[in-house]
$ cat target.pdb   # PDB, C-alpha atoms, pLDDT in the B column
ATOM      1  CA  MET A 288       0.000   0.000   0.000  1.00 57.00           C
ATOM      2  CA  LEU A 289       2.857   2.379   0.840  1.00 51.00           C
ATOM      3  CA  ILE A 290       4.476   1.764  -2.548  1.00 60.00           C
ATOM      4  CA  LEU A 291       1.159   2.394  -4.303  1.00 46.00           C
ATOM      5  CA  CYS A 292       0.757   5.724  -2.461  1.00 44.00           C
ATOM      6  CA  ALA A 293       4.311   6.733  -3.362  1.00 50.00           C
ATOM      7  CA  LEU A 294       3.711   5.921  -7.043  1.00 49.00           C
ATOM      8  CA  PHE A 295       0.466   7.912  -7.013  1.00 54.00           C
ATOM      9  CA  ALA A 296       2.209  10.923  -5.458  1.00 51.00           C
ATOM     10  CA  LEU A 297       4.959  10.728  -8.086  1.00 51.00           C
ATOM     11  CA  ALA A 298       2.380  10.562 -10.889  1.00 48.00           C
ATOM     12  CA  VAL A 299       0.517  13.599  -9.539  1.00 47.00           C
ATOM     13  CA  ALA A 300       3.752  15.575  -9.228  1.00 45.00           C
ATOM     14  CA  THR A 301       4.734  14.666 -12.788  1.00 43.00           C
ATOM     15  CA  LEU A 302       1.324  15.628 -14.208  1.00 42.00           C
ATOM     16  CA  SER A 303       1.264  18.964 -12.394  1.00 46.00           C
ATOM     17  CA  ALA A 304       4.754  19.959 -13.529  1.00 56.00           C
ATOM     18  CA  ALA A 305       4.872  22.770 -16.077  1.00 71.00           C
ATOM     19  CA  ASP A 306       5.601  22.074 -19.728  1.00 90.00           C
ATOM     20  CA  VAL A 307       7.422  25.060 -21.207  1.00 94.00           C
ATOM     21  CA  THR A 308       7.839  23.545 -24.676  1.00 95.00           C
ATOM     22  CA  GLY A 309       7.136  26.102 -27.387  1.00 95.00           C
ATOM     23  CA  LYS A 310       8.103  29.526 -28.664  1.00 97.00           C
ATOM     24  CA  TRP A 311       8.203  32.389 -26.149  1.00 97.00           C
ATOM     25  CA  THR A 312       8.803  36.079 -26.887  1.00 96.00           C
ATOM     26  CA  ALA A 313       9.877  38.903 -24.619  1.00 96.00           C
ATOM     27  CA  GLU A 314      10.813  42.565 -24.823  1.00 93.00           C
ATOM     28  CA  VAL A 315      14.239  42.816 -23.197  1.00 90.00           C
ATOM     29  CA  GLN A 316      15.910  46.133 -22.429  1.00 84.00           C
ATOM     30  CA  GLY A 317      19.246  46.554 -24.196  1.00 78.00           C
ATOM     31  CA  ARG A 318      21.803  49.333 -24.413  1.00 79.00           C
ATOM     32  CA  ASN A 319      19.986  50.839 -27.402  1.00 83.00           C
ATOM     33  CA  GLY A 320      16.467  50.327 -26.074  1.00 86.00           C
ATOM     34  CA  PRO A 321      14.130  47.335 -25.985  1.00 89.00           C
ATOM     35  CA  ARG A 322      14.496  44.420 -28.376  1.00 91.00           C
ATOM     36  CA  THR A 323      12.403  41.358 -29.016  1.00 94.00           C
ATOM     37  CA  VAL A 324      13.990  38.104 -27.902  1.00 94.00           C
ATOM     38  CA  THR A 325      12.576  34.710 -28.868  1.00 96.00           C
ATOM     39  CA  PHE A 326      13.127  31.513 -26.906  1.00 96.00           C
ATOM     40  CA  ASP A 327      12.296  28.244 -28.692  1.00 97.00           C
ATOM     41  CA  LEU A 328      12.196  25.715 -25.834  1.00 96.00           C
ATOM     42  CA  LYS A 329      11.835  21.934 -25.783  1.00 97.00           C
ATOM     43  CA  GLN A 330      11.213  20.176 -22.490  1.00 96.00           C
ATOM     44  CA  ASP A 331      11.828  16.457 -22.048  1.00 96.00           C
ATOM     45  CA  GLY A 332      11.004  15.599 -18.434  1.00 95.00           C
ATOM     46  CA  SER A 333      13.293  17.756 -16.337  1.00 95.00           C
ATOM     47  CA  ASN A 334      15.684  18.472 -19.244  1.00 97.00           C
ATOM     48  CA  LEU A 335      15.380  21.678 -21.231  1.00 97.00           C
ATOM     49  CA  THR A 336      16.972  22.400 -24.618  1.00 97.00           C
ATOM     50  CA  GLY A 337      16.364  24.972 -27.322  1.00 97.00           C
ATOM     51  CA  THR A 338      17.565  28.217 -28.826  1.00 97.00           C
ATOM     52  CA  MET A 339      17.431  31.934 -28.152  1.00 95.00           C
ATOM     53  CA  GLN A 340      17.348  34.591 -30.852  1.00 94.00           C
ATOM     54  CA  GLY A 341      17.381  38.365 -30.726  1.00 88.00           C
ATOM     55  CA  MET A 342      20.620  39.278 -28.997  1.00 78.00           C
ATOM     56  CA  GLY A 343      22.665  38.794 -32.175  1.00 78.00           C
ATOM     57  CA  PRO A 344      22.253  37.870 -35.829  1.00 82.00           C
ATOM     58  CA  GLU A 345      22.036  34.100 -35.315  1.00 88.00           C
ATOM     59  CA  PRO A 346      20.114  31.842 -32.897  1.00 93.00           C
ATOM     60  CA  VAL A 347      22.175  30.602 -29.965  1.00 94.00           C
ATOM     61  CA  ASN A 348      21.770  27.194 -28.324  1.00 96.00           C
ATOM     62  CA  ILE A 349      20.833  27.069 -24.679  1.00 96.00           C
ATOM     63  CA  SER A 350      22.684  24.603 -22.465  1.00 96.00           C
ATOM     64  CA  ASP A 351      22.456  23.154 -18.974  1.00 97.00           C
ATOM     65  CA  GLY A 352      18.660  23.523 -19.138  1.00 97.00           C
ATOM     66  CA  LYS A 353      16.571  22.196 -16.262  1.00 97.00           C
ATOM     67  CA  VAL A 354      12.906  22.270 -15.284  1.00 96.00           C
ATOM     68  CA  ASP A 355      11.808  21.669 -11.696  1.00 96.00           C
ATOM     69  CA  GLY A 356       8.059  22.068 -11.266  1.00 94.00           C
ATOM     70  CA  ASP A 357       7.258  25.618 -12.437  1.00 95.00           C
ATOM     71  CA  ASN A 358      10.922  26.718 -12.242  1.00 96.00           C
ATOM     72  CA  LEU A 359      13.428  26.592 -15.061  1.00 96.00           C
ATOM     73  CA  SER A 360      17.040  27.512 -15.646  1.00 97.00           C
ATOM     74  CA  PHE A 361      19.479  27.477 -18.539  1.00 97.00           C
ATOM     75  CA  VAL A 362      22.706  29.028 -19.799  1.00 97.00           C
ATOM     76  CA  VAL A 363      23.482  30.915 -23.012  1.00 95.00           C
ATOM     77  CA  ARG A 364      27.090  31.249 -24.116  1.00 93.00           C
ATOM     78  CA  ARG A 365      28.085  34.017 -26.556  1.00 88.00           C
ATOM     79  CA  GLU A 366      31.428  35.024 -27.960  1.00 84.00           C
ATOM     80  CA  PHE A 367      32.369  38.694 -27.949  1.00 80.00           C
ATOM     81  CA  ASN A 368      35.767  39.957 -29.168  1.00 87.00           C
ATOM     82  CA  GLY A 369      37.227  36.464 -28.776  1.00 87.00           C
ATOM     83  CA  ASN A 370      35.972  36.064 -25.204  1.00 88.00           C
ATOM     84  CA  GLU A 371      33.194  33.756 -24.092  1.00 89.00           C
ATOM     85  CA  MET A 372      30.352  35.416 -22.235  1.00 90.00           C
ATOM     86  CA  LYS A 373      28.089  33.188 -20.120  1.00 94.00           C
ATOM     87  CA  ILE A 374      24.586  34.378 -19.264  1.00 94.00           C
ATOM     88  CA  ASN A 375      22.555  32.502 -16.657  1.00 97.00           C
ATOM     89  CA  TYR A 376      18.767  32.511 -16.989  1.00 97.00           C
ATOM     90  CA  THR A 377      16.248  31.535 -14.321  1.00 97.00           C
ATOM     91  CA  GLY A 378      12.504  31.727 -14.500  1.00 96.00           C
ATOM     92  CA  LYS A 379       9.152  30.622 -13.224  1.00 96.00           C
ATOM     93  CA  LEU A 380       5.943  29.817 -15.065  1.00 95.00           C
ATOM     94  CA  GLU A 381       3.304  32.158 -13.602  1.00 94.00           C
ATOM     95  CA  GLY A 382      -0.178  32.439 -15.043  1.00 89.00           C
ATOM     96  CA  GLY A 383       0.888  31.295 -18.503  1.00 90.00           C
ATOM     97  CA  ASN A 384       3.911  33.633 -18.657  1.00 95.00           C
ATOM     98  CA  LEU A 385       7.579  32.983 -17.979  1.00 96.00           C
ATOM     99  CA  VAL A 386       8.839  35.501 -15.429  1.00 97.00           C
ATOM    100  CA  MET A 387      12.578  35.516 -16.122  1.00 96.00           C
ATOM    101  CA  LYS A 388      15.839  36.866 -14.769  1.00 96.00           C
ATOM    102  CA  SER A 389      19.174  36.907 -16.558  1.00 95.00           C
ATOM    103  CA  GLN A 390      22.614  37.632 -15.214  1.00 94.00           C
ATOM    104  CA  ARG A 391      25.918  37.697 -17.036  1.00 92.00           C
ATOM    105  CA  GLU A 392      28.548  35.701 -15.175  1.00 92.00           C
ATOM    106  CA  GLY A 393      30.851  38.071 -13.307  1.00 90.00           C
ATOM    107  CA  SER A 394      28.289  40.889 -13.198  1.00 91.00           C
ATOM    108  CA  ASP A 395      26.015  42.036 -10.385  1.00 92.00           C
ATOM    109  CA  ARG A 396      23.421  43.390 -12.838  1.00 92.00           C
ATOM    110  CA  VAL A 397      20.238  41.300 -13.038  1.00 93.00           C
ATOM    111  CA  MET A 398      17.744  41.883 -15.844  1.00 92.00           C
ATOM    112  CA  GLU A 399      14.105  40.954 -15.310  1.00 94.00           C
ATOM    113  CA  PHE A 400      11.554  40.408 -18.067  1.00 95.00           C
ATOM    114  CA  THR A 401       8.396  38.453 -18.857  1.00 96.00           C
ATOM    115  CA  ALA A 402       8.105  36.114 -21.839  1.00 96.00           C
ATOM    116  CA  LYS A 403       4.738  35.287 -23.370  1.00 96.00           C
ATOM    117  CA  LYS A 404       3.938  32.152 -25.335  1.00 94.00           C
ATOM    118  CA  ALA A 405       3.753  32.929 -29.046  1.00 89.00           C
ATOM    119  CA  SER A 406       0.457  32.027 -30.687  1.00 74.00           C
TER     120      SER A 406
END

$ encode --input "target.pdb" --output "C-alpha coordinates"
Amino acid sequence: MLILCALFALAVATLSAADVTGKWTAEVQGRNGPRTVTFDLKQDGSNLTGTMQGMGPEPVNISDGKVDGDNLSFVVRREFNGNEMKINYTGKLEGGNLVMKSQREGSDRVMEFTAKKAS
(Lines of atoms letter the chains of each structure in order from A and count residues from 1; the text may use other names and numbers.)
(Lines give C-alpha, C1' and ligand atoms only; values in the text may rest on other atoms or scores of the structure.)
Protein backbone atom coordinates (compact mmCIF):
# COMPACT_ATOMS: atom_id res chain seq x y z
CA MET A 1 0.00 0.00 0.00
CA LEU A 2 2.86 2.38 0.84
CA ILE A 3 4.48 1.76 -2.55
CA LEU A 4 1.16 2.39 -4.30
CA CYS A 5 0.76 5.72 -2.46
CA ALA A 6 4.31 6.73 -3.36
CA LEU A 7 3.71 5.92 -7.04
CA PHE A 8 0.47 7.91 -7.01
CA ALA A 9 2.21 10.92 -5.46
CA LEU A 10 4.96 10.73 -8.09
CA ALA A 11 2.38 10.56 -10.89
CA VAL A 12 0.52 13.60 -9.54
CA ALA A 13 3.75 15.58 -9.23
CA THR A 14 4.73 14.67 -12.79
CA LEU A 15 1.32 15.63 -14.21
CA SER A 16 1.26 18.96 -12.39
CA ALA A 17 4.75 19.96 -13.53
CA ALA A 18 4.87 22.77 -16.08
CA ASP A 19 5.60 22.07 -19.73
CA VAL A 20 7.42 25.06 -21.21
CA THR A 21 7.84 23.54 -24.68
CA GLY A 22 7.14 26.10 -27.39
CA LYS A 23 8.10 29.53 -28.66
CA TRP A 24 8.20 32.39 -26.15
CA THR A 25 8.80 36.08 -26.89
CA ALA A 26 9.88 38.90 -24.62
CA GLU A 27 10.81 42.57 -24.82
CA VAL A 28 14.24 42.82 -23.20
CA GLN A 29 15.91 46.13 -22.43
CA GLY A 30 19.25 46.55 -24.20
CA ARG A 31 21.80 49.33 -24.41
CA ASN A 32 19.99 50.84 -27.40
CA GLY A 33 16.47 50.33 -26.07
CA PRO A 34 14.13 47.34 -25.98
CA ARG A 35 14.50 44.42 -28.38
CA THR A 36 12.40 41.36 -29.02
CA VAL A 37 13.99 38.10 -27.90
CA THR A 38 12.58 34.71 -28.87
CA PHE A 39 13.13 31.51 -26.91
CA ASP A 40 12.30 28.24 -28.69
CA LEU A 41 12.20 25.71 -25.83
CA LYS A 42 11.83 21.93 -25.78
CA GLN A 43 11.21 20.18 -22.49
CA ASP A 44 11.83 16.46 -22.05
CA GLY A 45 11.00 15.60 -18.43
CA SER A 46 13.29 17.76 -16.34
CA ASN A 47 15.68 18.47 -19.24
CA LEU A 48 15.38 21.68 -21.23
CA THR A 49 16.97 22.40 -24.62
CA GLY A 50 16.36 24.97 -27.32
CA THR A 51 17.56 28.22 -28.83
CA MET A 52 17.43 31.93 -28.15
CA GLN A 53 17.35 34.59 -30.85
CA GLY A 54 17.38 38.36 -30.73
CA MET A 55 20.62 39.28 -29.00
CA GLY A 56 22.66 38.79 -32.18
CA PRO A 57 22.25 37.87 -35.83
CA GLU A 58 22.04 34.10 -35.32
CA PRO A 59 20.11 31.84 -32.90
CA VAL A 60 22.17 30.60 -29.97
CA ASN A 61 21.77 27.19 -28.32
CA ILE A 62 20.83 27.07 -24.68
CA SER A 63 22.68 24.60 -22.46
CA ASP A 64 22.46 23.15 -18.97
CA GLY A 65 18.66 23.52 -19.14
CA LYS A 66 16.57 22.20 -16.26
CA VAL A 67 12.91 22.27 -15.28
CA ASP A 68 11.81 21.67 -11.70
CA GLY A 69 8.06 22.07 -11.27
CA ASP A 70 7.26 25.62 -12.44
CA ASN A 71 10.92 26.72 -12.24
CA LEU A 72 13.43 26.59 -15.06
CA SER A 73 17.04 27.51 -15.65
CA PHE A 74 19.48 27.48 -18.54
CA VAL A 75 22.71 29.03 -19.80
CA VAL A 76 23.48 30.91 -23.01
CA ARG A 77 27.09 31.25 -24.12
CA ARG A 78 28.08 34.02 -26.56
CA GLU A 79 31.43 35.02 -27.96
CA PHE A 80 32.37 38.69 -27.95
CA ASN A 81 35.77 39.96 -29.17
CA GLY A 82 37.23 36.46 -28.78
CA ASN A 83 35.97 36.06 -25.20
CA GLU A 84 33.19 33.76 -24.09
CA MET A 85 30.35 35.42 -22.24
CA LYS A 86 28.09 33.19 -20.12
CA ILE A 87 24.59 34.38 -19.26
CA ASN A 88 22.55 32.50 -16.66
CA TYR A 89 18.77 32.51 -16.99
CA THR A 90 16.25 31.53 -14.32
CA GLY A 91 12.50 31.73 -14.50
CA LYS A 92 9.15 30.62 -13.22
CA LEU A 93 5.94 29.82 -15.06
CA GLU A 94 3.30 32.16 -13.60
CA GLY A 95 -0.18 32.44 -15.04
CA GLY A 96 0.89 31.30 -18.50
CA ASN A 97 3.91 33.63 -18.66
CA LEU A 98 7.58 32.98 -17.98
CA VAL A 99 8.84 35.50 -15.43
CA MET A 100 12.58 35.52 -16.12
CA LYS A 101 15.84 36.87 -14.77
CA SER A 102 19.17 36.91 -16.56
CA GLN A 103 22.61 37.63 -15.21
CA ARG A 104 25.92 37.70 -17.04
CA GLU A 105 28.55 35.70 -15.17
CA GLY A 106 30.85 38.07 -13.31
CA SER A 107 28.29 40.89 -13.20
CA ASP A 108 26.01 42.04 -10.39
CA ARG A 109 23.42 43.39 -12.84
CA VAL A 110 20.24 41.30 -13.04
CA MET A 111 17.74 41.88 -15.84
CA GLU A 112 14.11 40.95 -15.31
CA PHE A 113 11.55 40.41 -18.07
CA THR A 114 8.40 38.45 -18.86
CA ALA A 115 8.11 36.11 -21.84
CA LYS A 116 4.74 35.29 -23.37
CA LYS A 117 3.94 32.15 -25.33
CA ALA A 118 3.75 32.93 -29.05
CA SER A 119 0.46 32.03 -30.69

$ residues_around --input "target.pdb" --residues "Thr338 in chain A" --least-positions-apart "3" --cutoff "9 Å" --atoms "only C-alpha atoms" --output "MDAnalysis selection string"
chainID A and resid 325:328 346:350 363

$ resolve_selection --input "target.pdb" --expression "the PyMOL selection byres ((chain A and resi 378) around 10)" --output "ChimeraX atom specification"
/A:354,357-361,376-377,379-381,384-389,399-402

$ closest_residue --input "target.pdb" --among "A:Met342, A:Glu371, A:Gly317, A:Leu335" --to "Met398 in chain A" --atoms "all atoms listed in the file"
A:Gly317

$ closest_residue --input "target.pdb" --among "A:Gly383, A:Pro321, A:Gly332, A:Gly369" --to "Gly352 in chain A" --atoms "all atoms listed in the file"
A:Gly332

$ residues_around --input "target.pdb" --residues "Lys329 in chain A" --least-positions-apart "4" --cutoff "10 Å" --atoms "all atoms listed in the file" --output "list in words"
Asp306, Val307, Thr308, Gly309, Lys310, Asn334, Leu335, Thr336, Gly337, Thr338 and Gly352 of chain A

$ atom_distance --input "target.pdb" --atom1 "CA of Phe367 in chain A" --atom2 "CA of Gly393 in chain A"
14.7 Å

$ atom_distance --input "target.pdb" --atom1 "CA of Glu366 in chain A" --atom2 "CA of Gln390 in chain A"
15.7 Å

$ atom_distance --input "target.pdb" --atom1 "CA of Ala305 in chain A" --atom2 "CA of Arg365 in chain A"
27.8 Å

$ closest_residue --input "target.pdb" --among "A:Glu345, A:Val397, A:Val362, A:Gln330" --to "Val315 in chain A" --atoms "all atoms listed in the file"
A:Val397

$ axis_aligned_box --input "target.pdb" --around "range 389-401 of chain A" --padding-each-side "8 Å" --output "AutoDock Vina command-line options"
--center_x 19.6 --center_y 39.5 --center_z -14.6 --size_x 38.5 --size_y 23.7 --size_z 24.5

$ closest_residue --input "target.pdb" --among "A:Gly343, A:Arg318, A:Asn368, A:Asp355" --to "Asp331 in chain A" --atoms "all atoms listed in the file"
A:Asp355
